[in-house]
Amino acid sequence: MHCFIRHSGWVGLLALLMLPALHAQSYPSRAITLVVPFAPGGGTDSIARDMAKSLSEKLGQPVVVDNKGGGGGALGANAVAKSAADGYTLLFATSTFVTNAASEASGNYQIEKDFAPIAMIGRGPLLVVTSKSLGVKTMAQLKTTVATMPQGVDFCSAGNGSINHLSGELFRQHSGLNLTHIPYKGSGPATIDLLAGRVQLFFATVPTILPYVRDQRVELLAVTSAKRSPLFPNTPTMVESGYKDFDISTWWGVLAPAKTPKAVLDKLNQTIHEVAAHEPVRTRLMHEGAEAISGSPEEFGRTLSHELVQWRAVAKAAGLRTDKP
């Protein structure tokens with residue numbers, strides 16, 4: 001009798017140990033929802049839809065894009081954070097996912113508590129552009145011109161807590177210039193006012209501003225990444241323009257709710273990187289001025305933690321957050 005009990009106990013323990021592996025083997029057994037926390041039609045949405053189509057082919061189950069725009073991405077992020085941790089609801093995030101949380105503009109979600117990183121697929125610079133009406137063509141000219149203007153100039157963003165917003169705040173802290181932040185409900189309205197000269201400066205993502213740079217409707221002064229962009233090899237970086245350690249990039253990646261089984265995360269990580277390395281996602285990323293990134297969920301998590309510390313410091317210096325950790 002005792003032997004039977006001991007044997008049953010070992011069988012139960014073995015079954016528990018095998019559950020994660022069995023889960024990964026059977027996953028996915030139904031449709032997956034990929035939440036895009038922005039409205040349809042933008043650059044991020046386009047990458048996500050290419051990713052969803054290719055993932056569906058690889059995984060053998062539908063991957064459905066669900067656009068949940070609002071709150072600068074916070075609405076969609078919060079929805080995923082509250083979803084079941086089973087791998088069937090995922091978040092397609094950008095760097096604004098971190099800047100929102102760092103500036104306390106994110107509503108309810110906490111990155112390190114509410115999410116399990118899966119994979120970062122690409123990184124790209126922001127483009128520092130100005131309105132033609134400002135009449136500058138370099139970062140040096142921008143600094144000289146704005147320094148002589150008592151009222152300073154306005155810089156626009158896609159909303160409070162966005163990557164555009166905090167990049168502008170970082171530039172203000174580096175340069176000491178008189179800059180006023182004008183938030184918009186998305187990059188589209190911000191771009192319209194930049195073109196009209198109602199705002200003068202924009203730290204814009206490549207998908208947002210690329211057509212207007214190519215049409216010479218705005219002035220491109222610099223890129224924010226550590227090295228020059230292949231799209232604009234003659235445009236200097238912020239570091240080359242005299243702003244030490246100004247190395248900012250936007251990224252695209254996929255996350256799941258916290259406590260999603262590691263075996264599921266690892267399977268998704270491998271599949272996502274396979275998809276990102278081939279068409280159409282690879283070319284889509286190149287067109288967005290992005291460099292492909294491949295790494296483990298743990299590496300993605302370390303990047304998120306590093307950026308959260310970095311952007312919290314910028315937000316605190318700008319008076320955007322309290323002093324809580």
# chains A, B, ... in the order shown; residues from 1 in each chain; ligands from 1
$ residues_around --residues "A:Gly122" --least-positions-apart "4" --cutoff "6 Å" --atoms "only C-alpha atoms" --output "PyMOL selection string"
chain A and resi 251-252+290-293
$ residues_around --residues "stretch 40-53 of chain A" --least-positions-apart "6" --cutoff "10 Å" --atoms "only C-alpha atoms" --output "short mmCIF file (atom, residue, chain, number, x, y, z; two decimals) with C-alpha atoms, in the first residue's frame"
data_model
loop_
_atom_site.label_atom_id
_atom_site.label_comp_id
_atom_site.auth_asym_id
_atom_site.auth_seq_id
_atom_site.Cartn_x
_atom_site.Cartn_y
_atom_site.Cartn_z
CA ILE A 32 -3.71 33.87 -31.45
CA THR A 33 -4.59 37.56 -31.03
CA LEU A 34 -1.78 40.05 -31.72
CA PRO A 62 -4.68 32.07 -37.37
CA VAL A 63 -2.85 35.08 -35.91
CA VAL A 64 -5.38 37.92 -35.82
CA VAL A 65 -4.35 41.57 -35.50
CA ASP A 66 -6.51 43.53 -33.04
CA ASN A 67 -5.95 47.31 -33.14
CA LYS A 68 -6.57 48.85 -29.72
CA GLY A 69 -5.43 52.45 -30.13
CA LEU A 91 1.30 42.64 -27.59
CA PHE A 92 3.12 44.11 -30.59
CA ALA A 93 4.99 46.92 -28.88
CA THR A 94 7.29 49.81 -29.76
CA SER A 187 2.09 61.43 -35.30
CA GLY A 188 -0.20 62.31 -38.21
CA THR A 205 10.03 57.93 -36.40
CA VAL A 206 11.16 56.95 -39.89
CA PRO A 207 7.75 55.64 -41.06
CA THR A 208 6.08 58.90 -39.99
CA TRP A 251 12.19 49.36 -31.66
CA TRP A 252 9.54 46.78 -32.42
CA GLY A 253 8.94 43.67 -30.32
CA VAL A 254 6.43 41.15 -28.99
CA ILE A 272 9.19 35.20 -34.49
CA VAL A 275 9.70 35.12 -39.58
CA ALA A 276 11.58 38.40 -39.09
CA GLU A 279 10.20 38.20 -46.50
CA PRO A 280 8.06 40.21 -46.19
CA VAL A 281 9.01 41.27 -42.65
CA ARG A 282 12.73 41.66 -43.38
CA THR A 283 12.16 44.11 -46.24
CA ARG A 284 9.46 45.94 -44.29
CA LEU A 285 11.93 46.57 -41.46
CA HIS A 287 12.11 50.22 -45.44
CA GLU A 288 11.45 51.57 -41.94
#
$ select_by_dssp --residues "stretch 7-203 of chain A" --states "strand (DSSP E or B)" --output "NGL selection string"
:A and (32-36 or 63-67 or 89-94 or 115-131 or 153-157 or 179-183 or 201-203)
$ closest_residue --among "A:Leu320, A:Val264, A:Leu221, A:Met238" --to "A:Lys137" --atoms "only C-alpha atoms"
A:Leu221
$ residues_around --residues "A:Ile248" --least-positions-apart "3" --cutoff "9 Å" --atoms "only C-alpha atoms" --output "list in words"
Gly124, Pro125, Leu126, Ser167, Val223, Thr224, Ser225, Ala226 and Asp245 of chain A
